[in-house]
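Everything below belongs to my_file.cif, which stores mmCIF, C-alpha atoms and all ligand atoms.
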```
data_run
#
loop_
_atom_site.group_PDB
_atom_site.id
_atom_site.type_symbol
_atom_site.label_atom_id
_atom_site.label_comp_id
_atom_site.auth_asym_id
_atom_site.auth_seq_id
_atom_site.Cartn_x
_atom_site.Cartn_y
_atom_site.Cartn_z
ATOM 1 C CA ALA X 1 -42.312 -14.520 23.608
ATOM 2 C CA PRO X 2 -38.575 -15.143 23.261
ATOM 3 C CA LYS X 3 -36.600 -13.378 20.556
ATOM 4 C CA ALA X 4 -36.175 -14.661 17.026
ATOM 5 C CA ILE X 5 -33.563 -17.306 16.325
ATOM 6 C CA ILE X 6 -32.974 -17.852 12.619
ATOM 7 C CA ALA X 7 -31.645 -21.311 11.759
ATOM 8 C CA PRO X 8 -30.986 -21.901 8.051
ATOM 9 C CA SER X 9 -31.169 -25.576 7.101
ATOM 10 C CA ILE X 10 -27.970 -26.623 5.390
ATOM 11 C CA LEU X 11 -29.893 -29.393 3.623
ATOM 12 C CA SER X 12 -30.328 -26.849 0.814
ATOM 13 C CA ALA X 13 -26.684 -25.716 0.805
ATOM 14 C CA ASP X 14 -24.081 -26.752 -1.772
ATOM 15 C CA PHE X 15 -22.805 -30.037 -0.300
ATOM 16 C CA ALA X 16 -19.618 -29.786 -2.344
ATOM 17 C CA ASP X 17 -18.758 -26.553 -0.531
ATOM 18 C CA LEU X 18 -20.438 -27.116 2.800
ATOM 19 C CA GLY X 19 -17.864 -25.563 5.135
ATOM 20 C CA ALA X 20 -17.832 -22.273 3.246
ATOM 21 C CA ALA X 21 -21.628 -22.309 2.926
ATOM 22 C CA CYS X 22 -21.920 -22.663 6.719
ATOM 23 C CA SER X 23 -19.534 -19.838 7.597
ATOM 24 C CA ARG X 24 -21.059 -17.570 4.959
ATOM 25 C CA THR X 25 -24.562 -18.132 6.300
ATOM 26 C CA ILE X 26 -23.474 -17.111 9.795
ATOM 27 C CA GLU X 27 -21.870 -13.960 8.327
ATOM 28 C CA GLN X 28 -25.147 -13.251 6.550
ATOM 29 C CA GLY X 29 -26.887 -13.005 9.910
ATOM 30 C CA ALA X 30 -27.981 -16.525 10.825
ATOM 31 C CA ASP X 31 -28.039 -17.351 14.530
ATOM 32 C CA TRP X 32 -27.906 -21.141 14.346
ATOM 33 C CA LEU X 33 -27.285 -23.742 11.692
ATOM 34 C CA HIS X 34 -29.998 -26.363 11.366
ATOM 35 C CA VAL X 35 -28.382 -29.687 10.535
ATOM 36 C CA ASP X 36 -30.782 -32.345 9.227
ATOM 37 C CA ILE X 37 -29.659 -35.861 10.067
ATOM 38 C CA MET X 38 -31.617 -38.596 8.249
ATOM 39 C CA ASP X 39 -31.100 -42.333 8.487
ATOM 40 C CA GLY X 40 -33.155 -43.669 5.561
ATOM 41 C CA HIS X 41 -35.379 -45.423 8.073
ATOM 42 C CA PHE X 42 -37.211 -42.877 10.211
ATOM 43 C CA VAL X 43 -37.535 -40.849 7.005
ATOM 44 C CA PRO X 44 -37.122 -41.987 3.387
ATOM 45 C CA ASN X 45 -33.916 -40.055 2.759
ATOM 46 C CA LEU X 46 -30.243 -40.061 3.772
ATOM 47 C CA THR X 47 -28.030 -37.114 4.628
ATOM 48 C CA PHE X 48 -24.859 -37.192 6.676
ATOM 49 C CA GLY X 49 -23.369 -38.399 9.913
ATOM 50 C CA PRO X 50 -20.890 -37.362 12.608
ATOM 51 C CA PRO X 51 -17.737 -37.016 10.423
ATOM 52 C CA VAL X 52 -19.414 -34.403 8.229
ATOM 53 C CA VAL X 53 -20.770 -32.529 11.248
ATOM 54 C CA ALA X 54 -17.288 -32.522 12.792
ATOM 55 C CA LYS X 55 -15.772 -31.126 9.583
ATOM 56 C CA ILE X 56 -18.230 -28.271 9.210
ATOM 57 C CA ARG X 57 -17.971 -27.487 12.932
ATOM 58 C CA SER X 58 -14.424 -26.262 12.325
ATOM 59 C CA HIS X 59 -15.771 -23.638 9.886
ATOM 60 C CA VAL X 60 -18.111 -22.025 12.425
ATOM 61 C CA ASP X 61 -17.210 -20.519 15.821
ATOM 62 C CA ARG X 62 -18.727 -22.353 18.762
ATOM 63 C CA PRO X 63 -21.448 -20.549 20.697
ATOM 64 C CA THR X 64 -20.088 -18.890 23.828
ATOM 65 C CA GLU X 65 -23.296 -19.519 25.809
ATOM 66 C CA GLY X 66 -26.355 -21.772 25.486
ATOM 67 C CA HIS X 67 -28.523 -20.860 22.447
ATOM 68 C CA GLY X 68 -25.805 -18.450 21.235
ATOM 69 C CA LYS X 69 -24.691 -17.612 17.723
ATOM 70 C CA GLY X 70 -23.145 -20.587 15.954
ATOM 71 C CA THR X 71 -25.281 -23.191 17.729
ATOM 72 C CA PHE X 72 -25.469 -26.436 15.760
ATOM 73 C CA ASP X 73 -29.116 -27.407 15.918
ATOM 74 C CA CYS X 74 -29.112 -31.074 14.930
ATOM 75 C CA HIS X 75 -32.528 -32.314 13.829
ATOM 76 C CA MET X 76 -32.291 -36.051 14.356
ATOM 77 C CA MET X 77 -34.637 -37.777 11.906
ATOM 78 C CA ILE X 78 -33.375 -41.172 13.005
ATOM 79 C CA ALA X 79 -35.069 -44.264 14.371
ATOM 80 C CA GLU X 80 -32.685 -44.752 17.304
ATOM 81 C CA PRO X 81 -32.024 -41.334 18.792
ATOM 82 C CA LYS X 82 -30.492 -42.590 22.041
ATOM 83 C CA LYS X 83 -27.800 -44.520 20.202
ATOM 84 C CA TRP X 84 -26.202 -41.467 18.590
ATOM 85 C CA VAL X 85 -26.127 -38.929 21.423
ATOM 86 C CA LYS X 86 -22.455 -39.364 22.326
ATOM 87 C CA GLU X 87 -21.244 -39.436 18.732
ATOM 88 C CA PHE X 88 -23.023 -36.210 17.858
ATOM 89 C CA LYS X 89 -21.784 -34.516 21.013
ATOM 90 C CA ALA X 90 -18.233 -35.493 20.041
ATOM 91 C CA ALA X 91 -18.829 -34.206 16.498
ATOM 92 C CA GLY X 92 -19.805 -30.768 17.817
ATOM 93 C CA CYS X 93 -23.588 -30.810 18.052
ATOM 94 C CA ASP X 94 -24.889 -28.244 20.592
ATOM 95 C CA LEU X 95 -28.609 -28.965 20.482
ATOM 96 C CA TYR X 96 -29.786 -32.530 19.926
ATOM 97 C CA CYS X 97 -33.390 -32.508 18.770
ATOM 98 C CA PHE X 98 -34.920 -35.979 18.593
ATOM 99 C CA HIS X 99 -38.336 -37.017 17.342
ATOM 100 C CA TYR X 100 -40.948 -37.946 19.917
ATOM 101 C CA GLU X 101 -42.188 -40.662 17.537
ATOM 102 C CA ALA X 102 -38.767 -42.315 17.476
ATOM 103 C CA ALA X 103 -38.370 -42.267 21.252
ATOM 104 C CA VAL X 104 -41.628 -44.137 21.830
ATOM 105 C CA ASN X 105 -43.509 -46.845 19.907
ATOM 106 C CA SER X 106 -45.010 -45.377 16.768
ATOM 107 C CA SER X 107 -48.522 -46.058 18.073
ATOM 108 C CA ALA X 108 -47.777 -43.888 21.109
ATOM 109 C CA ALA X 109 -48.103 -40.764 18.999
ATOM 110 C CA GLU X 110 -51.853 -41.374 18.995
ATOM 111 C CA SER X 111 -52.257 -42.507 22.605
ATOM 112 C CA PRO X 112 -49.339 -41.405 24.787
ATOM 113 C CA GLU X 113 -51.026 -42.569 28.022
ATOM 114 C CA ALA X 114 -50.697 -46.208 26.999
ATOM 115 C CA HIS X 115 -46.917 -45.967 26.671
ATOM 116 C CA SER X 116 -45.843 -43.806 29.562
ATOM 117 C CA ASP X 117 -43.841 -46.672 31.065
ATOM 118 C CA LEU X 118 -41.667 -47.299 28.013
ATOM 119 C CA LYS X 119 -38.024 -47.734 28.778
ATOM 120 C CA THR X 120 -36.703 -45.159 26.329
ATOM 121 C CA SER X 121 -39.018 -42.424 27.433
ATOM 122 C CA PRO X 122 -38.636 -38.882 26.144
ATOM 123 C CA ARG X 123 -37.859 -37.786 29.721
ATOM 124 C CA GLU X 124 -34.986 -40.206 30.076
ATOM 125 C CA LEU X 125 -33.617 -39.251 26.698
ATOM 126 C CA ILE X 126 -33.749 -35.537 27.543
ATOM 127 C CA ARG X 127 -31.990 -36.226 30.829
ATOM 128 C CA TYR X 128 -29.311 -38.214 28.997
ATOM 129 C CA ILE X 129 -28.758 -35.484 26.362
ATOM 130 C CA HIS X 130 -28.347 -32.918 29.151
ATOM 131 C CA GLN X 131 -25.920 -35.213 30.973
ATOM 132 C CA GLN X 132 -23.802 -35.328 27.836
ATOM 133 C CA GLY X 133 -23.631 -31.530 27.819
ATOM 134 C CA MET X 134 -26.019 -30.606 25.030
ATOM 135 C CA LEU X 135 -29.282 -28.728 24.874
ATOM 136 C CA ALA X 136 -32.234 -31.026 24.211
ATOM 137 C CA GLY X 137 -35.037 -30.557 21.720
ATOM 138 C CA ILE X 138 -38.081 -32.685 20.978
ATOM 139 C CA ALA X 139 -39.794 -32.709 17.583
ATOM 140 C CA ILE X 140 -43.249 -33.792 16.445
ATOM 141 C CA LYS X 141 -44.371 -34.799 12.969
ATOM 142 C CA PRO X 142 -47.657 -33.525 11.498
ATOM 143 C CA ALA X 143 -49.580 -36.628 12.653
ATOM 144 C CA THR X 144 -48.545 -36.152 16.292
ATOM 145 C CA LYS X 145 -50.531 -34.018 18.694
ATOM 146 C CA ALA X 146 -48.881 -31.199 20.638
ATOM 147 C CA GLU X 147 -50.371 -32.538 23.886
ATOM 148 C CA VAL X 148 -47.864 -35.415 23.934
ATOM 149 C CA LEU X 149 -45.199 -32.816 24.785
ATOM 150 C CA TYR X 150 -46.908 -31.561 27.942
ATOM 151 C CA GLU X 151 -45.550 -34.387 30.045
ATOM 152 C CA VAL X 152 -41.925 -33.343 29.579
ATOM 153 C CA LEU X 153 -42.640 -29.615 29.428
ATOM 154 C CA ASP X 154 -44.474 -29.824 32.759
ATOM 155 C CA SER X 155 -41.804 -31.923 34.437
ATOM 156 C CA ALA X 156 -40.816 -30.626 37.864
ATOM 157 C CA ASP X 157 -37.238 -31.712 37.149
ATOM 158 C CA GLU X 158 -35.353 -29.235 34.992
ATOM 159 C CA ALA X 159 -33.057 -31.973 33.675
ATOM 160 C CA GLU X 160 -36.086 -33.618 32.051
ATOM 161 C CA ARG X 161 -37.488 -30.497 30.448
ATOM 162 C CA PRO X 162 -36.606 -29.790 26.801
ATOM 163 C CA ASP X 163 -34.874 -26.537 25.854
ATOM 164 C CA MET X 164 -36.871 -26.382 22.629
ATOM 165 C CA VAL X 165 -39.750 -28.047 20.864
ATOM 166 C CA LEU X 166 -39.952 -28.440 17.089
ATOM 167 C CA VAL X 167 -43.327 -28.456 15.364
ATOM 168 C CA MET X 168 -42.836 -29.824 11.850
ATOM 169 C CA THR X 169 -44.716 -27.881 9.180
ATOM 170 C CA VAL X 170 -44.013 -30.498 6.477
ATOM 171 C CA GLU X 171 -43.567 -34.279 6.588
ATOM 172 C CA PRO X 172 -39.897 -34.658 7.501
ATOM 173 C CA GLY X 173 -37.555 -35.985 4.824
ATOM 174 C CA PHE X 174 -37.006 -33.384 2.143
ATOM 175 C CA GLY X 175 -36.402 -29.683 1.651
ATOM 176 C CA GLY X 176 -38.505 -27.503 -0.603
ATOM 177 C CA GLN X 177 -41.936 -28.831 0.372
ATOM 178 C CA LYS X 178 -45.135 -26.837 0.784
ATOM 179 C CA PHE X 179 -45.792 -25.256 4.185
ATOM 180 C CA MET X 180 -48.632 -26.885 6.149
ATOM 181 C CA ALA X 181 -50.593 -24.114 7.868
ATOM 182 C CA SER X 182 -52.660 -26.892 9.460
ATOM 183 C CA GLU X 183 -49.833 -27.334 12.008
ATOM 184 C CA LEU X 184 -50.004 -23.789 13.371
ATOM 185 C CA PRO X 185 -52.717 -24.425 15.985
ATOM 186 C CA LYS X 186 -50.153 -26.639 17.737
ATOM 187 C CA VAL X 187 -47.726 -23.733 17.863
ATOM 188 C CA GLN X 188 -50.445 -21.458 19.181
ATOM 189 C CA ALA X 189 -51.479 -23.902 21.910
ATOM 190 C CA LEU X 190 -47.867 -24.378 22.997
ATOM 191 C CA ARG X 191 -47.205 -20.628 23.022
ATOM 192 C CA GLU X 192 -50.290 -19.922 25.146
ATOM 193 C CA ARG X 193 -49.256 -22.534 27.663
ATOM 194 C CA TYR X 194 -45.488 -21.829 27.643
ATOM 195 C CA PRO X 195 -44.767 -18.113 27.057
ATOM 196 C CA GLU X 196 -40.974 -18.509 27.385
ATOM 197 C CA LEU X 197 -40.489 -21.737 25.430
ATOM 198 C CA ASN X 198 -38.321 -21.862 22.313
ATOM 199 C CA ILE X 199 -40.755 -23.096 19.670
ATOM 200 C CA GLU X 200 -39.168 -24.042 16.360
ATOM 201 C CA VAL X 201 -40.982 -24.468 13.063
ATOM 202 C CA ASP X 202 -39.421 -26.352 10.154
ATOM 203 C CA GLY X 203 -40.610 -26.870 6.611
ATOM 204 C CA GLY X 204 -41.790 -24.458 3.951
ATOM 205 C CA LEU X 205 -40.830 -21.320 5.877
ATOM 206 C CA GLY X 206 -39.921 -18.228 3.881
ATOM 207 C CA PRO X 207 -41.089 -14.689 3.154
ATOM 208 C CA GLY X 208 -44.531 -15.929 2.089
ATOM 209 C CA THR X 209 -45.278 -18.012 5.200
ATOM 210 C CA ILE X 210 -43.327 -16.405 8.029
ATOM 211 C CA ASP X 211 -46.077 -14.051 9.175
ATOM 212 C CA GLN X 212 -48.515 -16.867 9.926
ATOM 213 C CA ALA X 213 -45.869 -18.793 11.834
ATOM 214 C CA ALA X 214 -44.752 -15.723 13.782
ATOM 215 C CA ASP X 215 -48.351 -14.793 14.630
ATOM 216 C CA ALA X 216 -48.928 -18.301 15.982
ATOM 217 C CA GLY X 217 -45.956 -17.792 18.300
ATOM 218 C CA ALA X 218 -42.991 -19.559 16.718
ATOM 219 C CA ASN X 219 -39.629 -17.931 17.467
ATOM 220 C CA VAL X 220 -37.032 -20.401 16.119
ATOM 221 C CA ILE X 221 -37.291 -20.338 12.352
ATOM 222 C CA VAL X 222 -35.761 -22.973 10.100
ATOM 223 C CA ALA X 223 -35.521 -22.125 6.420
ATOM 224 C CA GLY X 224 -33.644 -24.169 3.841
ATOM 225 C CA SER X 225 -34.606 -23.425 0.264
ATOM 226 C CA ALA X 226 -35.810 -19.909 1.143
ATOM 227 C CA VAL X 227 -32.331 -18.930 2.397
ATOM 228 C CA PHE X 228 -29.973 -20.994 0.236
ATOM 229 C CA GLY X 229 -32.039 -20.476 -2.914
ATOM 230 C CA ALA X 230 -32.242 -16.696 -2.468
ATOM 231 C CA GLN X 231 -30.386 -14.048 -4.459
ATOM 232 C CA ASP X 232 -29.976 -12.163 -1.198
ATOM 233 C CA PRO X 233 -29.777 -14.625 1.707
ATOM 234 C CA ALA X 234 -28.905 -11.867 4.201
ATOM 235 C CA GLY X 235 -32.077 -10.020 3.200
ATOM 236 C CA VAL X 236 -34.206 -13.125 3.710
ATOM 237 C CA ILE X 237 -32.640 -13.804 7.114
ATOM 238 C CA ALA X 238 -33.324 -10.190 8.159
ATOM 239 C CA LEU X 239 -36.915 -10.388 6.899
ATOM 240 C CA LEU X 240 -37.581 -13.589 8.864
ATOM 241 C CA ARG X 241 -36.143 -12.017 12.010
ATOM 242 C CA GLU X 242 -38.208 -8.850 11.675
ATOM 243 C CA ALA X 243 -41.419 -10.839 11.240
ATOM 244 C CA VAL X 244 -40.822 -12.652 14.549
ATOM 245 C CA ASP X 245 -39.516 -9.681 16.554
ATOM 246 C CA LYS X 246 -42.078 -7.118 15.314
HETATM 247 C C1 LIG V 1 -37.157 -31.539 6.239
HETATM 248 C C2 LIG V 1 -36.112 -30.871 7.062
HETATM 249 C C3 LIG V 1 -36.061 -29.401 6.922
HETATM 250 C C4 LIG V 1 -35.790 -28.905 5.516
HETATM 251 C C5 LIG V 1 -36.526 -27.626 5.360
HETATM 252 O O1 LIG V 1 -37.291 -32.836 6.665
HETATM 253 O O2 LIG V 1 -36.344 -31.122 8.439
HETATM 254 O O3 LIG V 1 -35.156 -28.831 7.849
HETATM 255 O O4 LIG V 1 -34.453 -28.702 5.230
HETATM 256 O O5 LIG V 1 -36.404 -27.186 4.048
HETATM 257 P P1 LIG V 1 -37.314 -26.022 3.469
HETATM 258 O O6 LIG V 1 -37.078 -24.801 4.315
HETATM 259 O O7 LIG V 1 -36.816 -25.877 2.076
HETATM 260 O O8 LIG V 1 -38.740 -26.489 3.563
HETATM 261 ZN ZN ZN V 2 -35.121 -30.032 9.883
#
```

As structure tokens, how would this structure be written, given the file I've shared?
Amino acid sequence: APKAIIAPSILSADFADLGAACSRTIEQGADWLHVDIMDGHFVPNLTFGPPVVAKIRSHVDRPTEGHGKGTFDCHMMIAEPKKWVKEFKAAGCDLYCFHYEAAVNSSAAESPEAHSDLKTSPRELIRYIHQQGMLAGIAIKPATKAEVLYEVLDSADEAERPDMVLVMTVEPGFGGQKFMASELPKVQALRERYPELNIEVDGGLGPGTIDQAADAGANVIVAGSAVFGAQDPAGVIALLREAVDK
């Protein structure tokens, strides 16, 4: 499996001091910053948009290669993911991770076959994100089956294949929720089928839950409250990394 990538979620950082919180977290050993974008529609909460991302970008060195240190991993919890690709690229997003459920009709999460001809297909969106010069990620909520991702992951065309998948381990919308171990079989199935895939988990990750997630095969670890609420964030980041790379 690929090496650990630790991506603290700045949703739990001090918003009044966000630039400093971002640079400090990278100094404390984080690989990426996980930036949660919410539109009050796809999820019942609001966070921030491109101007804030652009401001904090100037506090963190850009990655020198794909997936490198300082990657801005933007988790797009928005109803119209295609609409915002260019703006987030301009703001400094490196990895644009959209929700499968937003890219297709909501009913498609249950029966993907019925909607394979939709105009805004995940494949087209991934291709478009790549064209704009970003890495592409695709996320699934707890109600969505992992099998819906096979179509893009098995694509013969590299431009249509995601660079990462995100398996949500809480209902998206808020930090500090309880980890849902019920989602780990999805991670396990994806890891068995795709040994080299970057598989991200998000929600409720911390010292008490990391071992289960790592054993299932996750390698990209998001942690908000567990990192920003810790006395020793560097220690928590190191612990998460060791659990994945052991
Ligand atoms: C929830 C967000 C998460 C959140 C995780 O919708 O996607 O990234 O910040 O927070 P914790 O780690 O506190 O569960
Ligand atoms: Zn997130």

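For the atom pair formed by CA of Gly203 in chain X and CA of Met180 in chain X, the distance is 8.0 Å, given to one decimal.
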
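Distance check against ligand LIG 1 (chain V) using all atoms listed in the file: of X:Ala238, X:Val167, X:Leu205, X:Ala13, the minimum falls on X:Leu205.
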
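Picked by the PyMOL selection byres (((chain X and resi 133) around 12) and not hetatm) from the coordinates shown: Gly66, Val85, Lys86, Phe88, Lys89, Ala90, Gly92, Cys93, Asp94, Leu95, Tyr96, Ile126, Arg127, Tyr128, Ile129, His130, Gln131, Gln132, Met134, Leu135, Ala136 and Ala159 of chain X.
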
At a cut-off of 8 Å, using all atoms listed in the file, what residues contact range 209-224 of chain X? Leave out same-chain residues fewer than 2 positions from it and give the result as an mmCIF file with C-alpha atoms, in the coordinates of the input.
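Wrote it out as result21.cif, contents follow:
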```
data_model
loop_
_atom_site.group_PDB
_atom_site.id
_atom_site.type_symbol
_atom_site.label_atom_id
_atom_site.label_comp_id
_atom_site.auth_asym_id
_atom_site.auth_seq_id
_atom_site.Cartn_x
_atom_site.Cartn_y
_atom_site.Cartn_z
ATOM 1 C CA ALA X 1 -42.312 -14.520 23.608
ATOM 2 C CA PRO X 2 -38.575 -15.143 23.261
ATOM 3 C CA LYS X 3 -36.600 -13.378 20.556
ATOM 4 C CA ALA X 4 -36.175 -14.661 17.026
ATOM 5 C CA ILE X 5 -33.563 -17.306 16.325
ATOM 6 C CA ILE X 6 -32.974 -17.852 12.619
ATOM 7 C CA ALA X 7 -31.645 -21.311 11.759
ATOM 8 C CA PRO X 8 -30.986 -21.901 8.051
ATOM 9 C CA SER X 9 -31.169 -25.576 7.101
ATOM 10 C CA ILE X 10 -27.970 -26.623 5.390
ATOM 11 C CA LEU X 11 -29.893 -29.393 3.623
ATOM 12 C CA SER X 12 -30.328 -26.849 0.814
ATOM 13 C CA ALA X 13 -26.684 -25.716 0.805
ATOM 14 C CA HIS X 34 -29.998 -26.363 11.366
ATOM 15 C CA GLY X 175 -36.402 -29.683 1.651
ATOM 16 C CA GLY X 176 -38.505 -27.503 -0.603
ATOM 17 C CA PHE X 179 -45.792 -25.256 4.185
ATOM 18 C CA ALA X 181 -50.593 -24.114 7.868
ATOM 19 C CA LEU X 184 -50.004 -23.789 13.371
ATOM 20 C CA PRO X 185 -52.717 -24.425 15.985
ATOM 21 C CA VAL X 187 -47.726 -23.733 17.863
ATOM 22 C CA GLN X 188 -50.445 -21.458 19.181
ATOM 23 C CA ARG X 191 -47.205 -20.628 23.022
ATOM 24 C CA ASN X 198 -38.321 -21.862 22.313
ATOM 25 C CA ILE X 199 -40.755 -23.096 19.670
ATOM 26 C CA GLU X 200 -39.168 -24.042 16.360
ATOM 27 C CA VAL X 201 -40.982 -24.468 13.063
ATOM 28 C CA ASP X 202 -39.421 -26.352 10.154
ATOM 29 C CA GLY X 203 -40.610 -26.870 6.611
ATOM 30 C CA GLY X 204 -41.790 -24.458 3.951
ATOM 31 C CA LEU X 205 -40.830 -21.320 5.877
ATOM 32 C CA GLY X 206 -39.921 -18.228 3.881
ATOM 33 C CA PRO X 207 -41.089 -14.689 3.154
ATOM 34 C CA ALA X 226 -35.810 -19.909 1.143
ATOM 35 C CA VAL X 227 -32.331 -18.930 2.397
ATOM 36 C CA PHE X 228 -29.973 -20.994 0.236
ATOM 37 C CA GLY X 229 -32.039 -20.476 -2.914
ATOM 38 C CA LEU X 240 -37.581 -13.589 8.864
ATOM 39 C CA ALA X 243 -41.419 -10.839 11.240
ATOM 40 C CA VAL X 244 -40.822 -12.652 14.549
#
```

The PyMOL selection byres (((chain X and resi 79) around 6) and not hetatm) applied to the shown file, residues as a list in words: Phe42, Ile78, Glu80 and Ala102 of chain X

Selection result for the PyMOL selection byres (((chain X and resi 153) around 12) and not hetatm) on this file, as JSON, numbers by chain: {"X": [122, 123, 126, 136, 137, 138, 146, 147, 148, 149, 150, 151, 152, 154, 155, 156, 157, 158, 159, 160, 161, 162, 163, 164, 165, 190, 191, 193, 194, 195, 196, 197, 198, 199]}

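Near Asp31 in chain X, within a cut-off of 8 Å and counting all atoms listed in the file, sit the residues Ile5, Ile6, Ala7, Ile26, Gly29, Leu33, Gly68, Lys69, Gly70 and Thr71 of chain X, with same-chain residues fewer than 2 positions away left out.
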
Centre, x/y/z edge lengths, axis-aligned box for ligand LIG 1 (chain V) with 3 Å per side, as lines of an AutoDock Vina configuration file:
```
center_x = -36.6
center_y = -28.8
center_z = 5.3
size_x = 10.3
size_y = 14.0
size_z = 12.4
```

Residues near Gly173 in chain X, cut-off 12 Å, all atoms listed in the file, skip fewer than 5 positions along chain, as an MDAnalysis selection string: chainID X and resid 11 36:47 75:78 141 168 202:203

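CA of Gly19 in chain X lies 19.0 Å from CA of Ile237 in chain X.
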
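Of the listed residues (X:Phe174, X:Phe98, X:Trp32, X:Trp84), X:Phe174 comes nearest to ligand LIG 1 (chain V); the distances count all atoms listed in the file.
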
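For the choices X:Ala21, X:Ala91, X:Ala30, X:Cys74, the atom-to-atom distance to ligand LIG 1 (chain V) is smallest for X:Cys74 when using all atoms listed in the file.
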
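For the choices X:Val53, X:Val170, X:Leu18, X:Val60, the atom-to-atom distance to ligand ZN 2 (chain V) is smallest for X:Val170 when using only C-alpha atoms and all ligand atoms.
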
Residue with smallest distance to ligand ZN 2 (chain V) - pool X:Asp232, X:Glu101, X:Asp17, X:Glu171, counting only C-alpha atoms and all ligand atoms: X:Glu171

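In this model, the gap between CA of Asp73 in chain X and CA of Ala189 in chain X comes to 23.4 Å.
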
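Remark: for ligand ZN 2 (chain V), the closest of the candidate residues X:Cys97, X:Ile56, X:Ala20, X:Ala143 is X:Cys97 (distances computed over all atoms listed in the file).
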